[in-house]
Structures are given as C-alpha cells and as structure tokens.
file start.pdb (PDB, C-alpha atoms)
ATOM      1  CA  MET A   1     170.580 194.336 173.088
ATOM      2  CA  LYS A   2     170.496 197.640 171.191
ATOM      3  CA  SER A   3     173.044 196.348 168.704
ATOM      4  CA  ASN A   4     171.047 193.130 168.300
ATOM      5  CA  ARG A   5     167.858 195.059 167.504
ATOM      6  CA  ARG A   6     169.649 197.324 165.074
ATOM      7  CA  SER A   7     171.171 194.335 163.303
ATOM      8  CA  PHE A   8     167.777 192.688 163.077
ATOM      9  CA  ILE A   9     166.179 195.721 161.441
ATOM     10  CA  LYS A  10     169.054 196.098 159.041
ATOM     11  CA  ASN A  11     169.006 192.453 157.998
ATOM     12  CA  ILE A  12     165.274 191.838 157.983
ATOM     13  CA  GLY A  13     163.979 195.334 157.252
ATOM     14  CA  MET A  14     161.202 194.831 159.718
ATOM     15  CA  GLY A  15     160.722 198.343 161.039
ATOM     16  CA  ALA A  16     159.005 198.771 164.338
ATOM     17  CA  ALA A  17     156.972 195.558 164.528
ATOM     18  CA  GLY A  18     155.898 194.364 167.941
ATOM     19  CA  ALA A  19     157.236 197.425 169.702
ATOM     20  CA  GLY A  20     156.484 196.477 173.268
ATOM     21  CA  ILE A  21     153.716 195.641 175.686
ATOM     22  CA  ALA A  22     152.818 198.145 178.400
ATOM     23  CA  SER A  23     152.410 196.999 181.964
ATOM     24  CA  PHE A  24     148.809 198.106 182.168
ATOM     25  CA  MET A  25     145.716 198.175 179.984
ATOM     26  CA  PRO A  26     143.862 201.501 180.167
ATOM     27  CA  GLN A  27     140.414 201.623 178.666
ATOM     28  CA  LEU A  28     138.444 204.407 177.096
ATOM     29  CA  SER A  29     134.899 205.052 178.097
ATOM     30  CA  ARG A  30     132.246 204.533 175.441
ATOM     31  CA  ALA A  31     131.649 207.678 173.451
ATOM     32  CA  GLU A  32     130.026 208.761 170.254
ATOM     33  CA  THR A  33     132.382 210.663 167.983
ATOM     34  CA  GLY A  34     129.597 212.511 166.231
ATOM     35  CA  LYS A  35     130.781 214.859 163.495
ATOM     36  CA  LYS A  36     133.376 216.767 165.468
ATOM     37  CA  GLU A  37     136.102 218.030 163.180
ATOM     38  CA  LEU A  38     139.534 216.603 163.901
ATOM     39  CA  PHE A  39     142.363 218.960 164.809
ATOM     40  CA  PHE A  40     144.744 216.900 162.657
ATOM     41  CA  LYS A  41     144.763 215.002 159.364
ATOM     42  CA  ILE A  42     144.799 211.208 159.106
ATOM     43  CA  ALA A  43     147.468 209.287 157.202
ATOM     44  CA  ILE A  44     148.514 205.636 157.224
ATOM     45  CA  SER A  45     151.848 203.910 157.552
ATOM     46  CA  GLN A  46     152.544 201.422 154.794
ATOM     47  CA  PHE A  47     153.795 199.127 157.537
ATOM     48  CA  SER A  48     150.181 198.619 158.627
ATOM     49  CA  LEU A  49     149.881 196.287 155.634
ATOM     50  CA  ALA A  50     153.329 194.711 156.024
ATOM     51  CA  SER A  51     152.183 191.103 155.831
ATOM     52  CA  ASP A  52     150.279 191.824 152.631
ATOM     53  CA  PHE A  53     153.421 193.196 151.015
ATOM     54  CA  TRP A  54     155.672 190.432 152.313
ATOM     55  CA  THR A  55     153.315 187.672 151.124
ATOM     56  CA  GLY A  56     152.807 189.279 147.724
ATOM     57  CA  LYS A  57     149.119 190.006 148.267
ATOM     58  CA  LEU A  58     149.901 193.660 147.621
ATOM     59  CA  LYS A  59     152.524 195.350 145.477
ATOM     60  CA  ALA A  60     154.101 198.653 146.411
ATOM     61  CA  LEU A  61     152.346 200.353 143.511
ATOM     62  CA  ASP A  62     148.957 199.206 144.865
ATOM     63  CA  PHE A  63     149.279 201.164 148.089
ATOM     64  CA  PRO A  64     147.625 204.495 147.134
ATOM     65  CA  ALA A  65     144.519 203.003 145.533
ATOM     66  CA  LYS A  66     144.119 200.430 148.314
ATOM     67  CA  VAL A  67     144.276 203.043 151.057
ATOM     68  CA  LYS A  68     141.828 205.454 149.439
ATOM     69  CA  LYS A  69     139.309 202.829 148.347
ATOM     70  CA  ASP A  70     139.259 200.624 151.439
ATOM     71  CA  PHE A  71     139.998 203.097 154.247
ATOM     72  CA  ASP A  72     139.183 206.547 152.813
ATOM     73  CA  ILE A  73     142.569 207.828 153.955
ATOM     74  CA  THR A  74     144.538 210.360 151.942
ATOM     75  CA  GLY A  75     147.953 210.687 153.632
ATOM     76  CA  LEU A  76     150.612 208.114 152.744
ATOM     77  CA  ASP A  77     153.630 207.120 154.827
ATOM     78  CA  TYR A  78     155.777 204.945 152.564
ATOM     79  CA  CYS A  79     158.306 202.408 153.896
ATOM     80  CA  SER A  80     161.578 202.083 152.014
ATOM     81  CA  MET A  81     161.728 198.350 152.798
ATOM     82  CA  PHE A  82     158.819 197.645 150.452
ATOM     83  CA  PHE A  83     160.645 199.110 147.443
ATOM     84  CA  ALA A  84     164.227 199.022 148.682
ATOM     85  CA  ASP A  85     165.690 198.511 145.200
ATOM     86  CA  LYS A  86     163.682 201.343 143.629
ATOM     87  CA  ALA A  87     165.226 204.412 145.258
ATOM     88  CA  LYS A  88     166.913 205.399 142.000
ATOM     89  CA  ASP A  89     164.307 203.932 139.642
ATOM     90  CA  SER A  90     162.698 207.022 138.138
ATOM     91  CA  ALA A  91     160.185 204.996 136.112
ATOM     92  CA  PHE A  92     158.911 203.256 139.258
ATOM     93  CA  LEU A  93     158.810 206.457 141.290
ATOM     94  CA  ASN A  94     156.987 208.364 138.566
ATOM     95  CA  ASP A  95     154.475 205.533 138.262
ATOM     96  CA  LEU A  96     153.909 205.543 142.029
ATOM     97  CA  LYS A  97     153.513 209.325 142.032
ATOM     98  CA  GLN A  98     150.939 209.129 139.239
ATOM     99  CA  ARG A  99     149.009 206.366 140.992
ATOM    100  CA  SER A 100     148.886 208.470 144.119
ATOM    101  CA  ALA A 101     147.567 211.424 142.156
ATOM    102  CA  ASP A 102     144.981 209.224 140.438
ATOM    103  CA  ALA A 103     143.793 207.936 143.821
ATOM    104  CA  GLY A 104     143.566 211.429 145.272
ATOM    105  CA  THR A 105     146.156 210.711 147.958
ATOM    106  CA  TYR A 106     149.053 212.762 149.306
ATOM    107  CA  ASN A 107     152.639 211.504 149.440
ATOM    108  CA  LEU A 108     153.667 212.499 152.946
ATOM    109  CA  ARG A 109     157.010 210.828 153.642
ATOM    110  CA  ILE A 110     159.308 207.868 153.102
ATOM    111  CA  MET A 111     160.354 206.034 156.252
ATOM    112  CA  VAL A 112     163.904 204.851 155.665
ATOM    113  CA  ASP A 113     165.384 201.759 157.334
ATOM    114  CA  GLY A 114     168.445 199.587 156.850
ATOM    115  CA  GLU A 115     170.831 202.230 155.509
ATOM    116  CA  GLY A 116     173.348 202.333 158.348
ATOM    117  CA  VAL A 117     173.745 203.855 161.808
ATOM    118  CA  LEU A 118     173.575 207.658 161.867
ATOM    119  CA  GLY A 119     174.942 207.811 165.403
ATOM    120  CA  ASP A 120     177.817 205.394 164.848
ATOM    121  CA  LEU A 121     180.934 206.521 166.706
ATOM    122  CA  ASP A 122     183.069 205.142 163.886
ATOM    123  CA  GLU A 123     183.103 208.201 161.620
ATOM    124  CA  THR A 124     183.826 206.244 158.446
ATOM    125  CA  LYS A 125     180.783 204.023 159.009
ATOM    126  CA  ARG A 126     178.639 206.951 160.032
ATOM    127  CA  LEU A 127     179.443 209.030 156.976
ATOM    128  CA  LYS A 128     178.749 206.016 154.788
ATOM    129  CA  ALA A 129     175.332 205.773 156.445
ATOM    130  CA  VAL A 130     174.714 209.449 155.715
ATOM    131  CA  ASP A 131     175.633 208.900 152.091
ATOM    132  CA  ASN A 132     173.279 205.907 151.895
ATOM    133  CA  HIS A 133     170.364 208.137 152.846
ATOM    134  CA  TYR A 134     170.902 210.715 150.110
ATOM    135  CA  LYS A 135     169.180 208.571 147.485
ATOM    136  CA  TRP A 136     166.037 208.464 149.610
ATOM    137  CA  ILE A 137     165.962 212.245 149.838
ATOM    138  CA  ASP A 138     166.131 212.278 146.046
ATOM    139  CA  ALA A 139     163.379 209.652 145.858
ATOM    140  CA  ALA A 140     161.191 211.675 148.222
ATOM    141  CA  ALA A 141     161.664 214.745 146.059
ATOM    142  CA  MET A 142     160.636 212.772 142.976
ATOM    143  CA  LEU A 143     157.511 211.491 144.747
ATOM    144  CA  GLY A 144     156.660 214.933 146.056
ATOM    145  CA  CYS A 145     157.153 213.959 149.701
ATOM    146  CA  PRO A 146     158.156 216.922 151.887
ATOM    147  CA  MET A 147     160.194 214.751 154.269
ATOM    148  CA  ILE A 148     161.887 211.449 154.978
ATOM    149  CA  ARG A 149     161.996 209.645 158.318
ATOM    150  CA  VAL A 150     165.347 208.310 159.518
ATOM    151  CA  ASN A 151     166.597 206.475 162.605
ATOM    152  CA  VAL A 152     169.266 207.857 164.921
ATOM    153  CA  GLU A 153     171.013 205.504 167.286
ATOM    154  CA  GLY A 154     174.428 204.132 168.134
ATOM    155  CA  ASP A 155     176.339 202.232 170.784
ATOM    156  CA  GLY A 156     178.594 203.857 173.329
ATOM    157  CA  ASN A 157     178.456 206.958 175.492
ATOM    158  CA  THR A 158     175.005 208.457 174.947
ATOM    159  CA  ASP A 159     176.309 212.036 174.802
ATOM    160  CA  ASP A 160     178.812 211.063 172.122
ATOM    161  CA  VAL A 161     176.119 209.215 170.164
ATOM    162  CA  ALA A 162     173.868 212.275 170.375
ATOM    163  CA  LYS A 163     176.643 214.511 169.041
ATOM    164  CA  ALA A 164     177.349 212.117 166.174
ATOM    165  CA  ALA A 165     173.643 211.788 165.358
ATOM    166  CA  ALA A 166     173.202 215.560 165.330
ATOM    167  CA  ASP A 167     176.100 215.910 162.901
ATOM    168  CA  SER A 168     174.598 213.275 160.592
ATOM    169  CA  LEU A 169     171.205 214.966 160.673
ATOM    170  CA  GLY A 170     172.823 218.288 159.865
ATOM    171  CA  ARG A 171     174.422 216.807 156.761
ATOM    172  CA  LEU A 172     171.141 215.264 155.628
ATOM    173  CA  ILE A 173     169.245 218.484 156.256
ATOM    174  CA  GLU A 174     171.736 220.432 154.187
ATOM    175  CA  TYR A 175     171.439 217.919 151.336
ATOM    176  CA  GLY A 176     167.645 217.991 151.498
ATOM    177  CA  LYS A 177     167.394 221.763 151.260
ATOM    178  CA  LYS A 178     168.010 221.716 147.512
ATOM    179  CA  ASP A 179     164.723 219.877 146.955
ATOM    180  CA  LYS A 180     162.903 221.159 150.055
ATOM    181  CA  VAL A 181     162.885 217.736 151.733
ATOM    182  CA  ASP A 182     163.045 217.818 155.523
ATOM    183  CA  VAL A 183     164.499 215.080 157.735
ATOM    184  CA  ILE A 184     162.601 213.771 160.750
ATOM    185  CA  VAL A 185     163.459 211.166 163.373
ATOM    186  CA  GLU A 186     161.226 208.525 164.933
ATOM    187  CA  ASN A 187     161.623 207.097 168.407
ATOM    188  CA  HIS A 188     162.285 203.699 166.907
ATOM    189  CA  VAL A 189     165.361 201.727 167.881
ATOM    190  CA  GLY A 190     168.036 201.695 170.558
ATOM    191  CA  ILE A 191     168.669 204.901 172.467
ATOM    192  CA  SER A 192     166.116 206.794 170.366
ATOM    193  CA  CYS A 193     163.398 204.980 172.362
ATOM    194  CA  ASN A 194     164.368 207.276 175.237
ATOM    195  CA  GLY A 195     162.193 210.325 174.614
ATOM    196  CA  GLY A 196     164.358 212.661 176.646
ATOM    197  CA  TRP A 197     167.486 211.666 174.752
ATOM    198  CA  LEU A 198     165.860 212.171 171.350
ATOM    199  CA  ALA A 199     164.448 215.534 172.395
ATOM    200  CA  GLY A 200     167.996 216.487 173.361
ATOM    201  CA  VAL A 201     169.240 215.597 169.879
ATOM    202  CA  MET A 202     166.542 217.831 168.390
ATOM    203  CA  LYS A 203     167.759 220.702 170.545
ATOM    204  CA  GLN A 204     171.308 220.148 169.327
ATOM    205  CA  VAL A 205     170.227 220.135 165.682
ATOM    206  CA  ASN A 206     168.018 223.192 166.206
ATOM    207  CA  SER A 207     166.654 223.385 162.663
ATOM    208  CA  LYS A 208     163.183 224.034 161.281
ATOM    209  CA  HIS A 209     164.010 221.390 158.681
ATOM    210  CA  CYS A 210     164.284 218.660 161.308
ATOM    211  CA  GLY A 211     161.807 217.239 163.783
ATOM    212  CA  THR A 212     160.367 214.099 165.315
ATOM    213  CA  LEU A 213     157.911 211.420 164.270
ATOM    214  CA  ALA A 214     156.404 210.679 167.678
ATOM    215  CA  ASP A 215     155.327 207.030 167.858
ATOM    216  CA  PHE A 216     152.952 205.856 170.611
ATOM    217  CA  GLY A 217     154.544 202.432 170.958
ATOM    218  CA  ASN A 218     158.287 202.587 170.326
ATOM    219  CA  PHE A 219     159.577 203.099 173.846
ATOM    220  CA  CYS A 220     161.104 199.704 174.639
ATOM    221  CA  ILE A 221     164.642 200.312 175.912
ATOM    222  CA  ASN A 222     165.402 196.683 176.821
ATOM    223  CA  ARG A 223     164.066 193.658 174.954
ATOM    224  CA  THR A 224     164.694 189.900 175.046
ATOM    225  CA  LYS A 225     166.851 188.570 172.247
ATOM    226  CA  PRO A 226     165.203 186.686 169.372
ATOM    227  CA  GLU A 227     166.155 183.014 169.133
ATOM    228  CA  GLU A 228     167.216 183.600 165.537
ATOM    229  CA  GLN A 229     167.330 186.462 163.075
ATOM    230  CA  THR A 230     163.887 185.967 161.561
ATOM    231  CA  ILE A 231     160.681 187.959 161.694
ATOM    232  CA  ALA A 232     158.819 185.073 163.340
ATOM    233  CA  ALA A 233     161.404 184.838 166.122
ATOM    234  CA  TYR A 234     161.397 188.564 166.691
ATOM    235  CA  MET A 235     157.622 188.598 167.044
ATOM    236  CA  LYS A 236     158.040 186.339 170.081
ATOM    237  CA  THR A 237     160.369 188.701 171.944
ATOM    238  CA  LYS A 238     159.215 190.598 175.009
ATOM    239  CA  CYS A 239     159.907 194.089 176.252
ATOM    240  CA  LEU A 240     161.710 193.971 179.600
ATOM    241  CA  GLU A 241     161.908 197.695 180.258
ATOM    242  CA  GLU A 242     159.880 200.490 178.746
ATOM    243  CA  TYR A 243     160.335 204.245 178.842
ATOM    244  CA  ASP A 244     157.149 205.979 179.980
ATOM    245  CA  ARG A 245     155.280 206.445 176.699
ATOM    246  CA  TYR A 246     153.211 209.429 177.859
ATOM    247  CA  LYS A 247     156.268 211.234 179.155
ATOM    248  CA  GLY A 248     158.069 210.359 175.927
ATOM    249  CA  ILE A 249     155.312 211.708 173.683
ATOM    250  CA  GLN A 250     155.162 214.885 175.739
ATOM    251  CA  GLU A 251     158.923 215.327 175.303
ATOM    252  CA  LEU A 252     158.779 214.713 171.540
ATOM    253  CA  MET A 253     155.716 216.759 170.596
ATOM    254  CA  PRO A 254     157.429 220.183 170.693
ATOM    255  CA  PHE A 255     159.532 218.966 167.746
ATOM    256  CA  ALA A 256     156.904 216.798 166.025
ATOM    257  CA  LYS A 257     156.361 216.930 162.292
ATOM    258  CA  GLY A 258     154.298 213.756 162.479
ATOM    259  CA  VAL A 259     152.693 211.251 164.849
ATOM    260  CA  HIS A 260     152.273 207.480 164.647
ATOM    261  CA  ALA A 261     149.144 206.186 166.387
ATOM    262  CA  LYS A 262     150.294 202.607 166.924
ATOM    263  CA  THR A 263     148.027 199.679 167.779
ATOM    264  CA  HIS A 264     148.376 195.927 168.149
ATOM    265  CA  LEU A 265     145.333 194.567 169.960
ATOM    266  CA  PHE A 266     141.891 195.901 170.857
ATOM    267  CA  ASP A 267     139.551 195.142 173.732
ATOM    268  CA  ALA A 268     135.813 194.466 173.420
ATOM    269  CA  ASN A 269     135.091 198.201 173.319
ATOM    270  CA  GLY A 270     137.517 198.875 170.482
ATOM    271  CA  ASN A 271     140.154 200.423 172.736
ATOM    272  CA  ASP A 272     143.846 199.684 172.414
ATOM    273  CA  THR A 273     145.088 197.353 175.149
ATOM    274  CA  GLU A 274     148.471 199.067 175.504
ATOM    275  CA  THR A 275     147.880 202.803 175.141
ATOM    276  CA  ASP A 276     145.315 205.222 176.534
ATOM    277  CA  PHE A 277     144.456 207.073 173.321
ATOM    278  CA  VAL A 278     142.492 209.829 175.064
ATOM    279  CA  LYS A 279     145.511 210.601 177.227
ATOM    280  CA  MET A 280     147.789 210.581 174.163
ATOM    281  CA  PHE A 281     145.563 212.869 172.112
ATOM    282  CA  SER A 282     145.192 215.225 175.047
ATOM    283  CA  ILE A 283     148.992 215.577 175.061
ATOM    284  CA  ILE A 284     149.059 216.035 171.295
ATOM    285  CA  LYS A 285     146.315 218.648 171.285
ATOM    286  CA  ARG A 286     147.920 220.642 174.099
ATOM    287  CA  SER A 287     151.153 220.756 172.096
ATOM    288  CA  GLY A 288     149.380 222.686 169.327
ATOM    289  CA  PHE A 289     150.069 219.974 166.738
ATOM    290  CA  LYS A 290     147.802 220.172 163.665
ATOM    291  CA  GLY A 291     149.687 217.981 161.195
ATOM    292  CA  TRP A 292     149.284 214.368 160.090
ATOM    293  CA  VAL A 293     148.589 211.500 162.472
ATOM    294  CA  SER A 294     149.487 208.232 160.757
ATOM    295  CA  LEU A 295     147.755 205.004 161.679
ATOM    296  CA  GLU A 296     150.232 202.166 162.262
ATOM    297  CA  TYR A 297     148.506 198.870 162.983
ATOM    298  CA  GLU A 298     150.928 195.999 163.614
ATOM    299  CA  GLY A 299     148.620 193.265 164.868
ATOM    300  CA  GLY A 300     148.337 191.789 161.393
ATOM    301  CA  LEU A 301     151.895 190.539 161.709
ATOM    302  CA  PHE A 302     150.983 188.513 164.780
ATOM    303  CA  LYS A 303     148.002 187.148 162.862
ATOM    304  CA  MET A 304     150.258 186.283 159.948
ATOM    305  CA  TYR A 305     152.479 184.030 162.075
ATOM    306  CA  ASN A 306     149.737 182.733 164.331
ATOM    307  CA  PRO A 307     146.291 182.585 162.689
ATOM    308  CA  ALA A 308     144.777 181.782 166.085
ATOM    309  CA  ALA A 309     146.112 185.017 167.609
ATOM    310  CA  PRO A 310     143.414 187.422 168.886
ATOM    311  CA  ASN A 311     144.743 190.261 166.731
ATOM    312  CA  LEU A 312     142.647 191.506 163.834
ATOM    313  CA  GLY A 313     143.775 191.111 160.238
ATOM    314  CA  ASN A 314     145.336 194.085 158.487
ATOM    315  CA  ASP A 315     142.217 195.668 157.003
ATOM    316  CA  ASP A 316     140.058 195.258 160.083
ATOM    317  CA  GLY A 317     142.909 196.441 162.287
ATOM    318  CA  VAL A 318     143.407 199.608 160.243
ATOM    319  CA  LYS A 319     139.672 200.344 160.364
ATOM    320  CA  ALA A 320     139.604 199.753 164.125
ATOM    321  CA  THR A 321     142.614 202.053 164.593
ATOM    322  CA  LYS A 322     140.985 204.792 162.534
ATOM    323  CA  ALA A 323     137.752 204.500 164.537
ATOM    324  CA  LEU A 324     139.693 204.642 167.809
ATOM    325  CA  VAL A 325     141.681 207.694 166.734
ATOM    326  CA  GLU A 326     138.497 209.519 165.743
ATOM    327  CA  LYS A 327     136.775 208.523 168.998
ATOM    328  CA  ALA A 328     139.687 209.585 171.181
ATOM    329  CA  ALA A 329     140.143 212.889 169.361
ATOM    330  CA  ALA A 330     136.465 213.688 169.916
ATOM    331  CA  LEU A 331     136.960 213.386 173.676
ATOM    332  CA  VAL A 332     139.811 215.879 174.050
TER     333      VAL A 332
END
call {"tool": "encode", "arguments": {"input": "start.pdb", "output": "structure tokens"}}
result
Amino acid sequence: MKSNRRSFIKNIGMGAAGAGIASFMPQLSRAETGKKELFFKIAISQFSLASDFWTGKLKALDFPAKVKKDFDITGLDYCSMFFADKAKDSAFLNDLKQRSADAGTYNLRIMVDGEGVLGDLDETKRLKAVDNHYKWIDAAAMLGCPMIRVNVEGDGNTDDVAKAAADSLGRLIEYGKKDKVDVIVENHVGISCNGGWLAGVMKQVNSKHCGTLADFGNFCINRTKPEEQTIAAYMKTKCLEEYDRYKGIQELMPFAKGVHAKTHLFDANGNDTETDFVKMFSIIKRSGFKGWVSLEYEGGLFKMYNPAAPNLGNDDGVKATKALVEKAAALV
C-alpha cells in the first residue's frame, strides 16, 4: 500500500489530497475570537488552490497576488508540482519573486514532490533522489525561501529506512548550507505518517537545519487502493488505519519549523469535522512554537470531482479555515 501511494504521488503529483477521515467528529464550542493576537503567523499552502491550478483558472505566477488580495495572507508555501518544469528557469523564478514582493507576501518554502524516494534501500536510487532535490534548493534560494519541504519514506525494515532517510537528509542539509536553505520533512506518505518514526529520524539527523512540517491530517498508515492511477480514483479511497493525530503532532512539534492546519469539511458551526482544532493548537502552543501555520484546505478537490459534494469551494474553504484557525487559537 505504501509503495502504491508513493507511486501515485510520483506519477500524478497530487501531494497530500484526501489525507484520511478520523473516526470521530469533535466540535468546538462557539467563541468570539475578538482581537487576541496570535502566537504564530499565518501562511497558506498553494495546494489549497490545487483545482484552480490544474484547471487553468490560476497560473503559478498568480499565487502571491491572489493570496494577498482575496485572503489577506502573507506567507506562501509553494508546491513544486505547479511549476515542476521551472526549477532551473531563472526568468520564471525571478518573475515569481518580484510578484511576491509586489504583493507584499513572504516566500516561505517550496514543498517538493515526485523527485524520488529519500529512504530507498537501493543506494543508487536513493542518491539519484537526493540529486534530484538539489535543483529545488537552488530554486528556493533564488526565490528567497529559507527552506524546502521533502518527503522521507521507503519500503523495507523501518530502522533501515530511517537510517537511509537520515543519510539523505544530511546530504541535502549540507548542500543547502551554501545558500542558507534548510530542509524540513512533512508527515506525508508511507512510514512518515507514523509520528514516532519521523521524530526518530529527526533525532538521528540532529541538525538545526532540519525539522518537521507537522500536518494535522497526514496520519493514514493504511489506505484502500485506488481503482486506477488518477486523481479522481484516489479521491475515492478510504483510510483503513490512522495513527493518532494528536499524539503524532505532539511527537513532531519539538522539531517543527512549520505546521499545516489541514481541513476538508466543516460543520454548521464552522468547525472541522475531522480534527479538534482547539486541542491541536493547545499542543502547538505548549510546544513553544511561534512560526508559520499554513492553511491547507483540500475540500475543493472533492468539489472539483463532485459538484454536489458538501465541501466548500477553494476560496470559501480557505476563508473558513482561516476563521477556524483564528477562533481556535483564541481559545488556547
């Protein structure tokens, strides 16, 4: 199953879409956020607007202006899949950097997918994957991003995969030092969805230039197989076994250089139907984290393939996620 998911992301470049349904639906109490100052800064994942990019409604260069104008958000999490052929295109990258500056936004990171398996036990394949990531470190430096996000995973003995992943991260960290670009890892695919395992990899790496991107929703460790290798088919898959997301976030926060506040569907009170946001932000606050929390709304993808789905469209979903994050943060 892990190999199937990895193959899907590599071939489709989908990222973390539809990352699992929890077995319960906690609800927040109604609360007024008032004007309480947040203990973190708000960013947005480019994947929140995935369907707009895939249908051509938005171009990659439109992202900064769109985010600032429509959502009043300044931090930008870019996704490599939306400009996969531009990693070495200095004209494109300089244009994107200028558009970000013009919009008054901050280039936070590039989330890199589809460049190989950094925990592959076949050393030749693994080192090729490492090499494939170098161009994205260079691209991040050109954009002014202080970090890239990578995936670490692999099939086989989990201790061996962890050792291989740590070696790959060490190589990327060393390469990134020349341009002051750090390397962080998201709980995203395969074994990395096990929070304890990923925390163990961080301990092995033991570098201030490496950390985690703790995602609220990516804890599915066993998923049904898609009927075919398409986005639409993958959206219909179900999570069969999920790692405890609150335990996982608690394990990842000591190493966190970023957080993804993931949503798919909201109840009548504007609360996420999968994750207790107050509980999550209590964990985050206790960890001492004061960095960027990126909104990652994925419900728009369900709406894209099924217009009758109860999920909000991209823009409304992002706004609802932002409101929920602000409400939850005010309660902790």
call {"tool": "atom_distance", "arguments": {"input": "start.pdb", "atom1": "CA of Gly176 (chain A)", "atom2": "CA of Met111 (chain A)"}}
result
14.8 Å
call {"tool": "closest_residue", "arguments": {"input": "start.pdb", "among": "A:Asn94, A:Thr212, A:Asn269, A:Gln46", "to": "Tyr297 (chain A)", "atoms": "only C-alpha atoms"}}
result
A:Gln46
call {"tool": "residues_around", "arguments": {"input": "start.pdb", "residues": "Glu153 (chain A)", "least_positions_apart": "3", "cutoff": "7 Å", "atoms": "all atoms listed in the file", "output": "VMD selection string"}}
result
chain A and resid 117 to 119 161 189 to 192
call {"tool": "resolve_selection", "arguments": {"input": "start.pdb", "expression": "the PyMOL selection byres ((chain A and resi 194) around 12)", "output": "count of residues only"}}
result
39
call {"tool": "resolve_selection", "arguments": {"input": "start.pdb", "expression": "the PyMOL selection byres ((chain A and resi 54-70) around 7)", "output": "ChimeraX atom specification"}}
result
/A:50-53,71-74,82-83,96,99-100,103,105
call {"tool": "write_last_selection", "arguments": {"input": "start.pdb", "atoms": "C-alpha atoms", "output": "compact mmCIF listing (two decimals), in the coordinates of the input"}}
result
# COMPACT_ATOMS: atom_id res chain seq x y z
CA ALA A 50 153.33 194.71 156.02
CA SER A 51 152.18 191.10 155.83
CA ASP A 52 150.28 191.82 152.63
CA PHE A 53 153.42 193.20 151.01
CA PHE A 71 140.00 203.10 154.25
CA ASP A 72 139.18 206.55 152.81
CA ILE A 73 142.57 207.83 153.96
CA THR A 74 144.54 210.36 151.94
CA PHE A 82 158.82 197.64 150.45
CA PHE A 83 160.65 199.11 147.44
CA LEU A 96 153.91 205.54 142.03
CA ARG A 99 149.01 206.37 140.99
CA SER A 100 148.89 208.47 144.12
CA ALA A 103 143.79 207.94 143.82
CA THR A 105 146.16 210.71 147.96
call {"tool": "resolve_selection", "arguments": {"input": "start.pdb", "expression": "the PyMOL selection byres ((chain A and resi 314-326) around 7)", "output": "PyMOL selection string"}}
result
chain A and resi 33+48-49+71+263+270-271+295+297+300+312-313+327-330
call {"tool": "write_last_selection", "arguments": {"input": "start.pdb", "atoms": "C-alpha atoms", "output": "mmCIF file, in the coordinates of the input"}}
result
data_model
loop_
_atom_site.group_PDB
_atom_site.id
_atom_site.type_symbol
_atom_site.label_atom_id
_atom_site.label_comp_id
_atom_site.auth_asym_id
_atom_site.auth_seq_id
_atom_site.Cartn_x
_atom_site.Cartn_y
_atom_site.Cartn_z
ATOM 1 C CA THR A 33 132.382 210.663 167.983
ATOM 2 C CA SER A 48 150.181 198.619 158.627
ATOM 3 C CA LEU A 49 149.881 196.287 155.634
ATOM 4 C CA PHE A 71 139.998 203.097 154.247
ATOM 5 C CA THR A 263 148.027 199.679 167.779
ATOM 6 C CA GLY A 270 137.517 198.875 170.482
ATOM 7 C CA ASN A 271 140.154 200.423 172.736
ATOM 8 C CA LEU A 295 147.755 205.004 161.679
ATOM 9 C CA TYR A 297 148.506 198.870 162.983
ATOM 10 C CA GLY A 300 148.337 191.789 161.393
ATOM 11 C CA LEU A 312 142.647 191.506 163.834
ATOM 12 C CA GLY A 313 143.775 191.111 160.238
ATOM 13 C CA LYS A 327 136.775 208.523 168.998
ATOM 14 C CA ALA A 328 139.687 209.585 171.181
ATOM 15 C CA ALA A 329 140.143 212.889 169.361
ATOM 16 C CA ALA A 330 136.465 213.688 169.916
#
call {"tool": "closest_residue", "arguments": {"input": "start.pdb", "among": "A:Met280, A:Ala139, A:Met147, A:Asp272", "to": "Phe92 (chain A)", "atoms": "all atoms listed in the file"}}
result
A:Ala139
call {"tool": "residues_around", "arguments": {"input": "start.pdb", "residues": "Val130 (chain A)", "least_positions_apart": "4", "cutoff": "8 Å", "atoms": "all atoms listed in the file", "output": "JSON, numbers by chain"}}
result
{"A": [116, 118, 126, 134, 168, 171, 172]}
call {"tool": "residues_around", "arguments": {"input": "start.pdb", "residues": "region 140-143 of chain A", "least_positions_apart": "2", "cutoff": "12 Å", "atoms": "all atoms listed in the file", "output": "PyMOL selection string"}}
result
chain A and resi 76-80+86-101+105-112+133-138+145-149+175-183
call {"tool": "atom_distance", "arguments": {"input": "start.pdb", "atom1": "CA of Glu227 (chain A)", "atom2": "CA of Ala309 (chain A)"}}
result
20.2 Å
call {"tool": "atom_distance", "arguments": {"input": "start.pdb", "atom1": "CA of Lys41 (chain A)", "atom2": "CA of Phe289 (chain A)"}}
result
10.4 Å
